[in-house]
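Here is structure_39.cif, consisting of mmCIF, C-alpha atoms:
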```cif
data_run
loop_
_atom_site.label_atom_id
_atom_site.label_comp_id
_atom_site.auth_asym_id
_atom_site.auth_seq_id
_atom_site.Cartn_x
_atom_site.Cartn_y
_atom_site.Cartn_z
CA MET A 37 0.00 0.00 0.00
CA ALA A 38 1.03 3.59 -0.49
CA ILE A 39 2.57 5.43 2.45
CA VAL A 40 2.16 9.13 3.14
CA ALA A 41 5.83 9.96 3.52
CA ALA A 42 5.28 13.64 4.29
CA VAL A 43 2.53 16.23 4.48
CA ILE A 44 3.69 19.72 3.59
CA ALA A 45 1.87 23.04 3.71
CA SER A 46 3.41 26.22 2.41
CA THR A 47 2.73 29.67 1.13
CA HIS A 48 3.43 30.04 -2.59
CA HIS A 49 5.26 33.30 -3.08
CA PRO A 50 5.81 33.97 -6.79
CA PHE A 51 8.65 36.41 -6.02
CA TYR A 52 10.89 33.69 -4.54
CA TYR A 53 12.32 32.46 -7.82
CA ARG A 54 13.45 35.90 -8.92
CA ALA A 55 14.67 36.92 -5.44
CA SER A 56 16.65 33.73 -4.95
CA THR A 57 18.33 33.84 -8.36
CA ALA A 58 19.07 37.59 -8.44
CA THR A 59 22.66 38.72 -8.02
CA GLY A 60 24.46 41.95 -7.24
CA ALA A 61 22.38 45.09 -6.92
CA ASP A 62 19.28 43.22 -8.08
CA ARG A 63 19.36 40.85 -5.11
CA PRO A 64 16.92 42.00 -2.42
CA PRO A 65 18.29 42.30 1.13
CA PHE A 66 16.01 39.57 2.45
CA ALA A 67 17.01 37.01 -0.22
CA ASP A 68 19.76 35.20 1.71
CA ALA A 69 17.61 34.66 4.82
CA TRP A 70 14.74 33.52 2.61
CA VAL A 71 16.92 31.03 0.73
CA ALA A 72 18.26 29.62 4.01
CA LYS A 73 14.73 28.98 5.27
CA ILE A 74 13.70 27.41 1.98
CA GLU A 75 16.72 25.12 1.92
CA ALA A 76 15.92 23.88 5.42
CA PHE A 77 12.30 23.38 4.35
CA ARG A 78 13.41 21.52 1.21
CA GLU A 79 15.43 19.11 3.32
CA THR A 80 12.23 18.05 5.11
CA LEU A 81 10.87 16.75 1.81
CA THR A 82 14.15 15.31 0.59
CA LYS A 83 14.60 13.15 3.65
CA ALA A 84 11.10 11.75 3.29
CA ARG A 85 12.31 10.10 0.03
CA PRO A 86 9.03 10.57 -1.88
CA ASP A 87 8.31 8.69 -5.11
CA LEU A 88 5.58 11.07 -6.21
CA LEU A 89 3.79 14.21 -5.13
CA VAL A 90 0.13 15.07 -4.73
CA MET A 91 0.08 18.84 -5.20
CA VAL A 92 -2.82 20.96 -3.96
CA GLY A 93 -3.06 24.47 -5.34
CA SER A 94 -5.43 26.93 -6.96
CA ASP A 95 -5.51 28.15 -10.54
CA HIS A 96 -5.28 31.95 -10.70
CA PHE A 97 -7.65 32.46 -13.64
CA HIS A 98 -5.26 30.83 -16.06
CA GLN A 99 -7.04 27.78 -17.44
CA LEU A 100 -10.11 27.71 -15.20
CA TRP A 101 -12.53 30.50 -15.96
CA LEU A 102 -15.91 31.80 -14.94
CA ASP A 103 -17.75 30.21 -17.87
CA ASN A 104 -17.07 26.76 -16.43
CA MET A 105 -15.62 26.92 -12.93
CA PRO A 106 -14.99 23.75 -10.93
CA GLN A 107 -14.76 23.86 -7.14
CA PHE A 108 -12.31 20.95 -6.89
CA LEU A 109 -10.46 19.48 -9.87
CA VAL A 110 -7.96 16.66 -10.30
CA GLY A 111 -5.45 16.69 -13.13
CA LYS A 112 -5.16 13.31 -14.83
CA ALA A 113 -2.63 13.42 -17.63
CA PRO A 114 0.78 11.98 -18.50
CA TYR A 115 2.35 15.45 -18.43
CA PHE A 116 1.60 18.92 -17.18
CA ASP A 117 3.12 21.93 -18.80
CA ALA A 118 3.51 24.71 -16.33
CA ASN A 119 3.55 28.45 -15.83
CA TRP A 120 1.89 31.02 -18.00
CA TYR A 121 2.84 34.08 -20.01
CA ASN A 122 1.63 36.52 -17.37
CA GLU A 123 3.63 34.67 -14.67
CA GLU A 124 6.71 34.87 -16.85
CA ARG A 125 5.97 38.55 -17.39
CA GLU A 126 5.30 39.55 -13.78
CA PHE A 127 7.40 37.10 -11.77
CA GLY A 128 10.04 35.84 -14.19
CA LEU A 129 8.92 32.25 -13.65
CA PRO A 130 10.38 29.67 -16.03
CA ARG A 131 8.34 27.39 -18.24
CA MET A 132 8.36 23.85 -16.86
CA ARG A 133 7.03 20.38 -17.67
CA LEU A 134 6.19 17.82 -15.00
CA ALA A 135 5.23 14.19 -15.41
CA GLY A 136 1.83 13.09 -14.13
CA ASP A 137 0.78 9.89 -12.38
CA GLU A 138 -2.45 8.87 -14.08
CA GLN A 139 -2.90 5.78 -11.96
CA LEU A 140 -3.04 7.68 -8.67
CA ALA A 141 -5.11 10.44 -10.28
CA GLY A 142 -7.61 7.84 -11.46
CA HIS A 143 -7.71 6.28 -8.00
CA ILE A 144 -8.36 9.66 -6.38
CA LEU A 145 -11.08 10.50 -8.90
CA ARG A 146 -12.95 7.19 -8.71
CA ASN A 147 -12.79 6.86 -4.96
CA GLY A 148 -13.19 10.57 -4.29
CA LEU A 149 -16.45 10.50 -6.24
CA ASP A 150 -17.55 7.50 -4.22
CA ALA A 151 -16.60 9.29 -0.99
CA GLY A 152 -18.94 12.19 -1.71
CA PHE A 153 -16.75 14.71 -3.56
CA ASP A 154 -17.98 15.42 -7.07
CA LEU A 155 -14.48 16.06 -8.36
CA ALA A 156 -14.00 17.63 -11.75
CA PHE A 157 -11.09 16.44 -13.85
CA SER A 158 -8.81 17.68 -16.58
CA ASN A 159 -6.86 15.61 -19.08
CA GLU A 160 -4.93 18.63 -20.37
CA LEU A 161 -4.01 21.00 -17.59
CA ARG A 162 -1.37 23.69 -17.64
CA ILE A 163 -0.51 24.30 -14.02
CA ASP A 164 0.41 27.64 -12.50
CA HIS A 165 2.57 29.07 -9.73
CA SER A 166 0.41 27.70 -6.92
CA ILE A 167 1.97 24.35 -7.81
CA THR A 168 5.23 25.35 -9.48
CA CYS A 169 6.34 27.58 -6.59
CA PRO A 170 6.53 24.60 -4.22
CA ILE A 171 8.27 22.61 -6.95
CA ILE A 172 10.85 25.40 -7.20
CA THR A 173 11.26 25.65 -3.43
CA LEU A 174 10.93 22.01 -2.39
CA ARG A 175 11.95 19.93 -5.39
CA PRO A 176 13.76 22.13 -7.89
CA GLU A 177 14.90 19.06 -9.84
CA ALA A 178 11.22 18.70 -10.81
CA ASP A 179 11.91 15.00 -11.27
CA LEU A 180 8.90 13.40 -9.55
CA PRO A 181 5.50 12.69 -11.08
CA ILE A 182 2.65 14.71 -9.66
CA VAL A 183 -1.11 14.60 -9.24
CA PRO A 184 -2.35 18.20 -9.20
CA ILE A 185 -5.52 19.02 -7.31
CA TYR A 186 -6.99 22.47 -7.78
CA THR A 187 -9.36 24.16 -5.36
CA ASN A 188 -11.47 27.24 -5.92
CA ILE A 189 -10.39 29.89 -3.41
CA PHE A 190 -10.77 32.64 -5.94
CA ALA A 191 -14.14 32.90 -7.65
CA PRO A 192 -17.17 33.04 -5.34
CA PRO A 193 -19.32 31.22 -4.48
CA LEU A 194 -16.64 29.15 -2.74
CA PRO A 195 -16.97 25.96 -0.75
CA ARG A 196 -16.93 26.63 2.98
CA PRO A 197 -13.78 26.09 5.10
CA GLY A 198 -15.11 22.85 6.60
CA ARG A 199 -15.41 21.41 3.12
CA PHE A 200 -11.72 22.06 2.47
CA VAL A 201 -10.84 20.28 5.71
CA GLU A 202 -13.04 17.34 4.73
CA LEU A 203 -11.42 17.13 1.32
CA GLY A 204 -8.03 17.08 3.00
CA ARG A 205 -9.07 14.20 5.24
CA THR A 206 -10.42 12.39 2.19
CA ILE A 207 -7.26 12.91 0.14
CA ARG A 208 -5.23 11.40 2.97
CA GLN A 209 -7.53 8.36 3.07
CA LEU A 210 -7.46 8.02 -0.71
CA VAL A 211 -3.67 8.06 -0.87
CA GLU A 212 -3.43 5.54 1.97
CA SER A 213 -5.89 3.24 0.21
CA TRP A 214 -3.93 3.25 -3.06
CA PRO A 215 -2.77 -0.34 -3.43
CA ILE A 216 0.63 0.56 -4.83
CA ASP A 217 3.85 0.40 -2.87
CA LYS A 218 4.92 4.03 -3.25
CA ARG A 219 5.96 6.82 -0.91
CA VAL A 220 3.66 9.78 -1.53
CA ALA A 221 4.20 13.32 -0.28
CA ILE A 222 1.07 15.47 -0.13
CA ILE A 223 1.97 19.12 -0.62
CA GLY A 224 -0.45 22.04 -0.59
CA THR A 225 -0.02 25.78 -0.83
CA GLY A 226 -2.14 28.71 0.20
CA HIS A 227 -1.87 32.10 1.82
CA LEU A 228 -1.90 33.69 5.22
CA SER A 229 -3.44 37.19 5.26
CA LEU A 230 -3.16 38.68 1.81
CA GLU A 231 -4.55 41.67 -0.06
CA LEU A 232 -4.42 41.82 -3.86
CA GLY A 233 -5.75 44.76 -5.78
CA GLY A 234 -7.13 46.48 -2.66
CA PRO A 235 -6.14 49.34 -0.35
CA ARG A 236 -4.06 47.17 2.00
CA GLN A 237 -1.77 45.62 -0.60
CA PHE A 238 2.03 45.78 -0.62
CA GLY A 239 2.43 47.07 2.92
CA ALA A 240 5.51 46.63 5.10
CA HIS A 241 4.02 43.36 6.41
CA GLY A 242 1.06 41.20 5.55
CA PRO A 243 -2.24 43.06 5.94
CA ASP A 244 -3.09 41.35 9.25
CA PRO A 245 -0.09 40.17 11.33
CA GLU A 246 -2.39 39.16 14.18
CA PHE A 247 -4.31 36.80 11.91
CA ASP A 248 -1.00 35.43 10.63
CA ARG A 249 0.21 34.71 14.16
CA LYS A 250 -3.00 32.87 15.00
CA ALA A 251 -2.94 31.01 11.70
CA VAL A 252 0.60 29.75 12.21
CA ASP A 253 -0.37 28.54 15.70
CA TRP A 254 -3.46 26.74 14.40
CA ILE A 255 -1.49 24.97 11.69
CA ALA A 256 1.58 24.14 13.78
CA SER A 257 -0.50 22.63 16.57
CA GLY A 258 -3.10 20.98 14.34
CA ASP A 259 -5.82 22.99 16.08
CA LEU A 260 -8.57 22.33 13.58
CA GLU A 261 -11.27 22.89 16.17
CA GLY A 262 -10.03 26.35 17.09
CA CYS A 263 -9.45 27.25 13.46
CA LEU A 264 -12.88 26.10 12.29
CA ALA A 265 -14.51 27.92 15.20
CA GLU A 266 -13.13 31.26 14.00
CA VAL A 267 -12.73 30.97 10.24
CA THR A 268 -15.72 31.40 7.95
CA LEU A 269 -16.16 32.59 4.38
CA ASP A 270 -17.21 35.97 5.80
CA SER A 271 -14.43 36.24 8.38
CA LEU A 272 -11.75 35.65 5.77
CA HIS A 273 -12.53 39.01 4.15
CA LEU A 274 -11.28 40.80 7.27
CA PRO A 275 -7.55 39.89 7.20
CA GLY A 276 -7.26 40.74 3.48
CA ASN A 277 -9.27 40.33 0.32
CA ALA A 278 -7.25 37.35 -0.96
CA THR A 279 -7.11 35.52 2.38
CA HIS A 280 -9.55 32.83 1.23
CA GLY A 281 -6.38 31.10 0.05
CA PHE A 282 -5.96 30.20 3.71
CA MET A 283 -8.54 27.48 3.10
CA ASP A 284 -5.86 25.50 1.27
CA PHE A 285 -3.87 25.54 4.52
CA MET A 286 -7.01 24.27 6.25
CA LEU A 287 -7.24 21.51 3.64
CA MET A 288 -3.68 20.53 4.52
CA MET A 289 -4.56 20.54 8.23
CA GLY A 290 -7.23 18.03 7.26
CA VAL A 291 -4.59 15.93 5.50
CA ALA A 292 -2.30 16.07 8.54
CA GLY A 293 -5.16 15.29 10.92
CA ALA A 294 -6.73 16.99 13.94
CA GLY A 295 -4.22 17.52 16.71
CA ALA A 296 -1.24 16.65 14.53
CA LYS A 297 1.66 18.85 15.55
CA ALA A 298 3.91 19.82 12.68
CA ASP A 299 7.45 18.42 12.77
CA HIS A 300 8.86 21.47 11.01
CA VAL A 301 7.50 25.00 11.45
CA ASP A 302 9.02 28.15 10.06
CA SER A 303 7.90 31.55 8.88
CA LEU A 304 9.37 34.70 7.39
CA ASP A 305 7.89 38.14 7.72
CA LEU A 306 8.15 39.81 4.33
CA PHE A 307 6.62 42.94 2.87
CA HIS A 308 3.12 42.34 1.46
CA THR A 309 2.63 38.89 3.04
CA MET A 310 4.11 36.48 5.54
CA GLU A 311 5.69 33.24 4.43
CA ALA A 312 4.96 30.06 6.40
CA TYR A 313 6.27 26.50 6.06
CA PHE A 314 5.08 23.30 7.76
CA THR A 315 5.99 19.62 7.45
CA TRP A 316 4.40 16.63 9.15
CA TYR A 317 5.63 13.02 9.06
CA PRO A 318 2.54 10.86 9.70
CA ASN A 319 4.65 7.70 9.83
CA GLY A 320 7.47 9.05 11.94
CA VAL A 321 10.36 11.39 11.30
CA PRO A 322 12.69 9.82 8.74
CA ALA A 323 16.21 9.05 9.88
CA MET B 14 -24.15 45.24 -13.66
CA SER B 15 -22.07 42.87 -15.71
CA LYS B 16 -19.20 41.97 -13.43
CA TYR B 17 -18.69 38.82 -15.44
CA LEU B 18 -18.13 40.82 -18.61
CA LEU B 19 -15.74 43.23 -16.89
CA ASN B 20 -13.76 40.22 -15.70
CA LYS B 21 -13.90 38.67 -19.15
CA PHE B 22 -12.37 41.81 -20.64
CA LEU B 23 -9.58 41.93 -18.04
CA TYR B 24 -8.93 38.20 -18.39
CA THR B 25 -8.78 38.06 -22.17
CA VAL B 26 -6.64 41.18 -22.48
CA ASP B 27 -4.23 40.13 -19.72
CA ARG B 28 -3.45 36.79 -21.33
CA ASP B 29 -2.58 38.25 -24.75
CA PRO B 30 0.67 40.25 -24.97
CA SER B 31 -0.47 42.21 -28.02
CA LEU B 32 -3.77 43.14 -26.38
CA VAL B 33 -1.98 44.30 -23.23
CA GLU B 34 0.00 46.78 -25.36
CA ARG B 35 -3.03 47.77 -27.41
CA TYR B 36 -5.11 48.48 -24.31
CA ARG B 37 -2.26 50.47 -22.75
CA SER B 38 -1.81 52.69 -25.79
CA ASP B 39 -5.41 52.95 -27.02
CA ALA B 40 -7.85 52.21 -24.22
CA ALA B 41 -10.98 53.66 -25.80
CA GLY B 42 -10.36 52.01 -29.16
CA THR B 43 -9.55 48.66 -27.59
CA VAL B 44 -12.68 48.68 -25.43
CA SER B 45 -14.93 49.58 -28.38
CA TRP B 46 -13.39 46.87 -30.57
CA TRP B 47 -13.48 44.30 -27.77
CA GLU B 48 -17.12 44.92 -26.88
CA GLN B 49 -18.16 44.66 -30.51
CA GLU B 50 -16.04 41.70 -31.56
CA MET B 51 -15.07 39.75 -28.45
CA ALA B 52 -17.58 40.29 -25.66
CA ASN B 53 -19.96 37.63 -26.92
CA GLN B 54 -17.38 35.09 -27.99
CA LEU B 55 -17.51 31.89 -25.98
CA LEU B 56 -13.91 31.34 -25.05
CA ASN B 57 -13.84 27.58 -25.46
CA CYS B 58 -15.90 27.34 -28.64
CA ALA B 59 -15.53 27.88 -32.36
CA VAL B 60 -15.86 31.53 -33.32
CA ALA B 61 -19.28 31.03 -34.90
CA GLU B 62 -20.77 29.94 -31.57
CA LYS B 63 -21.45 33.26 -29.90
CA SER B 64 -23.58 34.55 -27.08
CA THR B 65 -26.04 37.30 -27.94
CA TRP B 66 -26.60 39.33 -24.77
CA LEU B 67 -23.37 40.56 -23.22
CA GLU B 68 -22.70 44.30 -23.08
CA PHE B 69 -21.14 46.79 -20.68
CA THR B 70 -23.10 49.36 -18.72
CA ASP B 71 -22.16 52.97 -19.44
CA GLU B 72 -20.19 53.18 -16.19
CA GLU B 73 -18.32 49.95 -16.85
CA ARG B 74 -17.44 51.05 -20.37
CA ARG B 75 -16.23 54.42 -19.05
CA ALA B 76 -14.09 52.83 -16.33
CA LEU B 77 -12.38 50.57 -18.84
CA ARG B 78 -11.92 53.36 -21.41
CA GLU B 79 -10.28 55.57 -18.78
CA HIS B 80 -8.06 52.89 -17.17
CA ASP B 81 -9.91 53.71 -13.96
CA HIS B 82 -8.88 50.90 -11.63
CA VAL B 83 -10.53 52.63 -8.66
CA ALA B 84 -13.90 52.58 -10.41
CA LEU B 85 -13.36 48.96 -11.48
CA PHE B 86 -12.81 48.01 -7.83
CA GLY B 87 -16.02 49.81 -6.90
CA LEU B 88 -17.93 47.99 -9.62
CA GLY B 89 -16.87 44.61 -8.24
CA ALA B 90 -14.40 43.60 -10.93
CA HIS B 91 -12.16 40.83 -9.63
CA PRO B 92 -9.27 42.67 -7.92
CA PHE B 93 -6.70 40.07 -8.92
CA LEU B 94 -7.52 40.44 -12.60
CA THR B 95 -7.46 44.23 -12.48
CA LEU B 96 -4.20 44.33 -10.52
CA THR B 97 -2.42 41.84 -12.74
CA LEU B 98 -3.33 43.62 -15.96
CA PHE B 99 -2.62 47.10 -14.64
CA ILE B 100 0.79 46.05 -13.32
CA ALA B 101 1.54 44.69 -16.78
CA MET B 102 0.60 48.01 -18.36
CA PHE B 103 1.97 50.57 -15.93
CA GLU B 104 4.59 49.13 -13.57
CA ARG B 105 7.21 49.84 -16.23
CA ASP B 106 6.69 53.59 -15.83
CA HIS B 107 7.61 53.55 -12.12
CA GLY B 108 10.32 52.51 -9.68
CA PRO B 109 10.20 49.18 -7.80
CA LEU B 110 6.78 48.71 -6.12
CA GLU B 111 5.93 52.40 -6.61
CA TYR B 112 3.03 51.59 -8.87
CA GLN B 113 1.62 48.85 -6.62
CA LYS B 114 1.72 51.12 -3.56
CA ALA B 115 0.12 54.05 -5.36
CA TYR B 116 -2.55 51.69 -6.69
CA GLY B 117 -3.40 50.71 -3.12
CA ARG B 118 -3.37 54.31 -1.86
CA ALA B 119 -5.89 55.29 -4.52
CA LEU B 120 -8.30 52.78 -2.96
CA GLN B 121 -7.88 53.95 0.64
CA HIS B 122 -11.41 55.34 0.82
CA HIS B 123 -12.79 51.79 0.57
CA ALA B 124 -13.58 50.40 4.02
CA LEU B 125 -14.73 46.85 4.71
CA PRO B 126 -16.82 45.28 3.40
CA TYR B 127 -15.37 45.82 -0.06
CA PRO B 128 -17.66 45.69 -3.09
CA ASP B 129 -18.97 42.19 -3.73
CA ILE B 130 -17.01 40.36 -6.44
CA ALA B 131 -19.35 37.36 -6.75
CA THR B 132 -20.48 36.82 -10.34
#
```

Can you present the structure in this file as structure tokens?
Amino acid sequence: MAIVAAVIASTHHPFYYRASTATGADRPPFADAWVAKIEAFRETLTKARPDLLVMVGSDHFHQLWLDNMPQFLVGKAPYFDANWYNEEREFGLPRMRLAGDEQLAGHILRNGLDAGFDLAFSNELRIDHSITCPIITLRPEADLPIVPIYTNIFAPPLPRPGRFVELGRTIRQLVESWPIDKRVAIIGTGHLSLELGGPRQFGAHGPDPEFDRKAVDWIASGDLEGCLAEVTLDSLHLPGNATHGFMDFMLMMGVAGAGAKADHVDSLDLFHTMEAYFTWYPNGVPA
Amino acid sequence: MSKYLLNKFLYTVDRDPSLVERYRSDAAGTVSWWEQEMANQLLNCAVAEKSTWLEFTDEERRALREHDHVALFGLGAHPFLTLTLFIAMFERDHGPLEYQKAYGRALQHHALPYPDIAT
């Protein structure tokens, strides 16, 4: 049977690639500290020795559009091209191509449907920075097959936070019921407080440091009960108008399990938004 | 209100490098052309398969023709789409992050709750 070798939750900051590769006067002052934190975070995945990656993210109006918008979608294809013209333009992200694992994608689709999630699917999906950023930070070799899972945190009406948690629990069960002897890492990315295109954007810190502090505590301690008691679709407008991306962190808390304390916790206070990194080892910390 | 159509304009222009430049340099002409030729085109269908009912309100048309991102925010256009396209058009005229910060300052009069973006 498949083993969940690691569960990883992260922010997906599209500026990391450019900041970490810049040199000389172009290199921002925070780049070295950021790279050091990312390299420590990367080691948590490396030592889990994964064979493939389930990658949870959210399309930013690239391929998924308002004329036909899925709430949850699984990519089932032999390959996924990655990154888009406007991500190249704004963030300098490179074009990439990742292999897919159609067998696990098919297993997740069939059994996810049977478990009560009417999952949409795509057989030709170009993935964006919500999935390529964690490839760049955590597995820059981009050498492992992936199963991308997209959530709608972007185009209301959205599923409620509890639904994201439930999907996370279900993804964990689906991976663990896959009758193939592989080590699977489940990686998902979201946001802490974030404002995009509103009056609170691009400040000296994230728009709501107090929310960020609470969010990191919820995730690090696996406090799903406390998190679900405070976080609603309405409440997520308060910390910043793009903070609904926090629901992907809640999904990953569902994957990790209620009460599961993260084995690796780190954060970095940047302008505009706070970075946060978490790793759990459900089957014990690898040697 | 046709928030969907505002978003469709921002989305289709943002993803096409030539349209980004055309909208930057000739906003009024681009909006007129787009509403006439593109507004009713189903994005995932052959060109002949068109919708028949999509048009801007006067205020929406004016906001797009005048690159008025503050008005677009007030009309409930998706803030991510507006921001992404406007950065592509105007960041180049400013120093690092200057444009993004000024963009936010121009919206300071908006208190919570912000205009509804649901379509």

Item to check | Distance of CA of Asp305 in chain A from CA of His241 in chain A, expressed in Å to one decimal place | outcome: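 Atom-to-atom, CA of His241 in chain A and CA of Asp305 in chain A are spaced 6.6 Å apart.
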
Checklist entry - Written as a list in words, what is the full residue list that the PyMOL selection byres ((chain B) within 7 of (chain A)) yields on the file shown? => result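 That selection, the PyMOL selection byres ((chain B) within 7 of (chain A)), comes back as Arg28, Pro92, Phe93, Thr95, Leu96, Gln113, Lys114, Gly117, Arg118, Leu120, Gln121 and Ala131 of chain B.
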
Next on the checklist: At a cut-off of 7 Å, using all atoms listed in the file, what residues contact range 87-94 of chain A? Leave out same-chain residues fewer than 3 positions from it and give the result as a list in words.
Outcome noted: Ser166, Ile167, Leu180, Pro181, Ile182, Val183, Pro184, Ile185, Tyr186, Thr187, Asn188, Ile189, Lys218, Arg219, Val220, Ala221, Ile222, Ile223, Gly224 and Thr225 of chain A

Checklist entry - Where does the PyMOL selection byres ((chain B and resi 24) around 10) land in this file, that is, which residues does it pick, as a list in words? => result Phe97, His98 and Trp101 of chain A; Leu18, Leu19, Asn20, Lys21, Phe22, Leu23, Thr25, Val26, Asp27, Arg28, Asp29, His91, Phe93, Leu94, Thr95, Thr97 and Leu98 of chain B

Checklist entry - By how many Å are CA of Ser46 in chain A and CA of Phe86 in chain B apart? => result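 If I compute the distance from CA of Ser46 in chain A to CA of Phe86 in chain B, I get 29.0 Å.
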
Checklist entry - With distances taken over only C-alpha atoms, which of B:Leu67, B:Met102, B:Ala61, B:Val83 is nearest to Tyr36 in chain B? => result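 Nearest candidate to Tyr36 in chain B out of B:Leu67, B:Met102, B:Ala61, B:Val83: B:Met102.
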
Next on the checklist: At a cut-off of 12 Å around the point (-15.0, 15.3, 6.8) (file coordinates), what residues fall inside when counting only C-alpha atoms? I'd like the answer as a list in words.
Outcome noted: Ala151, Gly152, Phe153, Pro197, Gly198, Arg199, Phe200, Val201, Glu202, Leu203, Gly204, Arg205, Thr206, Ile207, Arg208, Gln209, Leu260, Leu287, Met289, Gly290, Val291, Gly293 and Ala294 of chain A

Item to check | CA of Phe66 in chain A to CA of Ile255 in chain A, distance in Å rounded to a single decimal | outcome: 24.6 Å

Next on the checklist: Report as a list in words all protein, DNA and RNA residues lying within 12 Å of Phe127 in chain A, evaluated on all atoms listed in the file, omitting residues in the same chain fewer than 5 positions from it.
Outcome noted: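 Near Phe127 in chain A, the qualifying residues are His49, Pro50, Phe51, Tyr52, Tyr53, Arg54, Ala55, Ser56, Thr57, Asn119, Trp120, Tyr121, Asn122, Asp164, His165 and Cys169 of chain A; Thr97, Ile100 and Ala101 of chain B.
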
Could you list, as a CSV table (one decimal) with C-alpha atoms, keeping the file's coordinate frame, every residue within 9 Å of Asn319 in chain A, counting all atoms listed in the file and ignoring same-chain residues fewer than 6 positions away?
```csv
chain,number,residue,atom,x,y,z
A,39,ILE,CA,2.6,5.4,2.4
A,40,VAL,CA,2.2,9.1,3.1
A,41,ALA,CA,5.8,10.0,3.5
A,42,ALA,CA,5.3,13.6,4.3
```
